[in-house]
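Reviewing the structure listed below.
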Amino acid sequence: MSTPISYFVLVSALLFTTGTVGVLVRKNALLIFMSVELQLNAVNLALVAFSRQAGNLTGQVLAFFSMVVAAAEVVVGLAIIVSLYRKRHSADVDDARFLKW
Amino acid sequence: MHADLVVFWVIAPISVLSGVAMVLARNAVHAALLLIVNFFTLAVFFLVLGSPFLFVVQIIVYAGAIMVLFLFVIMLLGVAQQTPLRDQMKAQPVLAGLLGAGLVAEVILAVRIGLGFHRKPLANFALVNRGGNTHALASVLFNRYFFPFEVTSVLLIVAAIGAMLHGRRRIEEEETIDVPAEDADAGPEPGSPTYYAAVGTEPEAPS
């Protein structure tokens, strides 16, 4: 293994930033959700890279838990998007203004 | 040049470019497919970093299960048509780009200066993965992290029930099947054969 661990952390930072920009500029709820997935994956990559650097498996266990939480989050989030679409016939987050007067 | 460096320099551009293309994609289906590419590149990274277990889990859980859910919802809602990036505030993408650049700079600074992280020699990971990565991971997971692992199962059950509650159709949205009470005179006489045919129950046979 000759690749420096910081390279992986750098890729992870780039992916996380891409996901953040995606959350900020997109309006479609599904695309925002995909950007959040990108962020979660970037964090997973950083955790596994740190685990490799530290020489123990704690980071990999954390990445595993993060995957489980991401799966649960996707299930509930997509259900919310579907029920939002049923009410508004649109997946745009700008149309979700039920709490606004 | 070692093999893992070659793998890194082949996979890393694909990973970053697929992520950027996913954010910029017009079509939601294209975005989902690019995200699958990105998940596969991350799986390869996990393999390079000495975690074959997470490599397999990444492909099965993310590229398999989660993206199938995403594509299913995209097809179900029919939101695959173009979602223009233009018709919004002008300053928003610029501000987002500035924030993104700041984030990257911050992480580079943290890695390079903060801890002198990259100069430390790497631990021998073959020793950590003794007996296979899956076995080693399991021995950590089921000893030290046993309680969080059990809490995870509760989380999954709660998520499944929550998705069912959100996804079902509300009763009041359904067509009602109640018969209005004031129309009772218009119906067949109670006790007549037509009444029993309409209600669907047979009169009891006299014994």
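Ligands are numbered from 1 in the order shown, residues from 1 within each chain, and chains are lettered A, B, ... in the order they appear in the structure tokens.
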Using only C-alpha atoms, select each residue of chain B with any atom at most 6 Å away from an atom of chain A, and give the selection as a PDB file with C-alpha atoms, in the first residue's frame.
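Wrote it out as result.pdb, contents follow:
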```pdb
ATOM      1  CA  LEU B   5      -1.554   3.794  -6.652  1.00  0.00           C
ATOM      2  CA  VAL B  23     -25.301  16.971  -9.057  1.00  0.00           C
ATOM      3  CA  PRO B  93     -25.090  28.414  -7.118  1.00  0.00           C
ATOM      4  CA  ALA B  96     -22.830  27.194  -2.901  1.00  0.00           C
ATOM      5  CA  GLY B 100     -17.789  24.184  -1.355  1.00  0.00           C
ATOM      6  CA  VAL B 104     -12.283  21.637   0.453  1.00  0.00           C
ATOM      7  CA  HIS B 118       0.100  11.808   6.217  1.00  0.00           C
ATOM      8  CA  LEU B 122       1.029   3.007   8.058  1.00  0.00           C
ATOM      9  CA  ALA B 123       0.217   0.203  10.441  1.00  0.00           C
ATOM     10  CA  LEU B 156     -34.489  -0.727  11.265  1.00  0.00           C
ATOM     11  CA  ALA B 159     -37.841   2.756   9.921  1.00  0.00           C
ATOM     12  CA  ALA B 163     -42.261   3.911   5.952  1.00  0.00           C
ATOM     13  CA  HIS B 166     -46.144   7.249   5.494  1.00  0.00           C
ATOM     14  CA  GLY B 167     -46.734   5.198   2.408  1.00  0.00           C
TER      15      GLY B 167
END
```
TODO: Would you mind reading off the distance between atom CA of Ile36 of chain B and atom CA of Lys87 of chain A, one decimal, in Å?
DONE: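 Between these atoms lies a distance of 29.4 Å.
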Open item on the list: I need the helix (DSSP H, G or I) residues of chain A per DSSP on the backbone, written as a ChimeraX atom specification.
Closed with: /A:5-25,29-54,58-88,93-95
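Minimum atom-to-atom distance to Val44 of chain B, evaluated using only C-alpha atoms, belongs to B:Val10 out of B:Leu17, B:Val10, B:Val158, B:Leu99.
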Shell of 10 Å around Ala126 of chain B, only C-alpha atoms, local chain residues under 6 positions omitted, as a PDB file with C-alpha atoms, in the first residue's frame:
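Once everything was written out, this is around_4.pdb:
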```pdb
ATOM      1  CA  GLY A  55      -4.458   0.402  12.273  1.00  0.00           C
TER       2      GLY A  55
ATOM      3  CA  GLY B  50      -8.189  -3.294   3.188  1.00  0.00           C
ATOM      4  CA  GLY B 132     -10.022 -12.439   7.328  1.00  0.00           C
ATOM      5  CA  ASN B 133     -11.533  -8.988   7.390  1.00  0.00           C
TER       6      ASN B 133
END
```
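With only C-alpha atoms as the atoms that count, the residue of B:Thr134, B:Gly64, B:Leu127, B:Ser51 with the shortest distance to Gly59 of chain A is B:Ser51.
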Task: Between atom CA of Asn38 of chain B and atom CA of Ser15 of chain B, distance in Å (one decimal) - done: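 Distance between the two atoms: 5.2 Å.
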Task: Separation of atom CA of Phe40 of chain B from atom CA of Gln58 of chain B in Å - done: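 So the answer is 7.8 Å.
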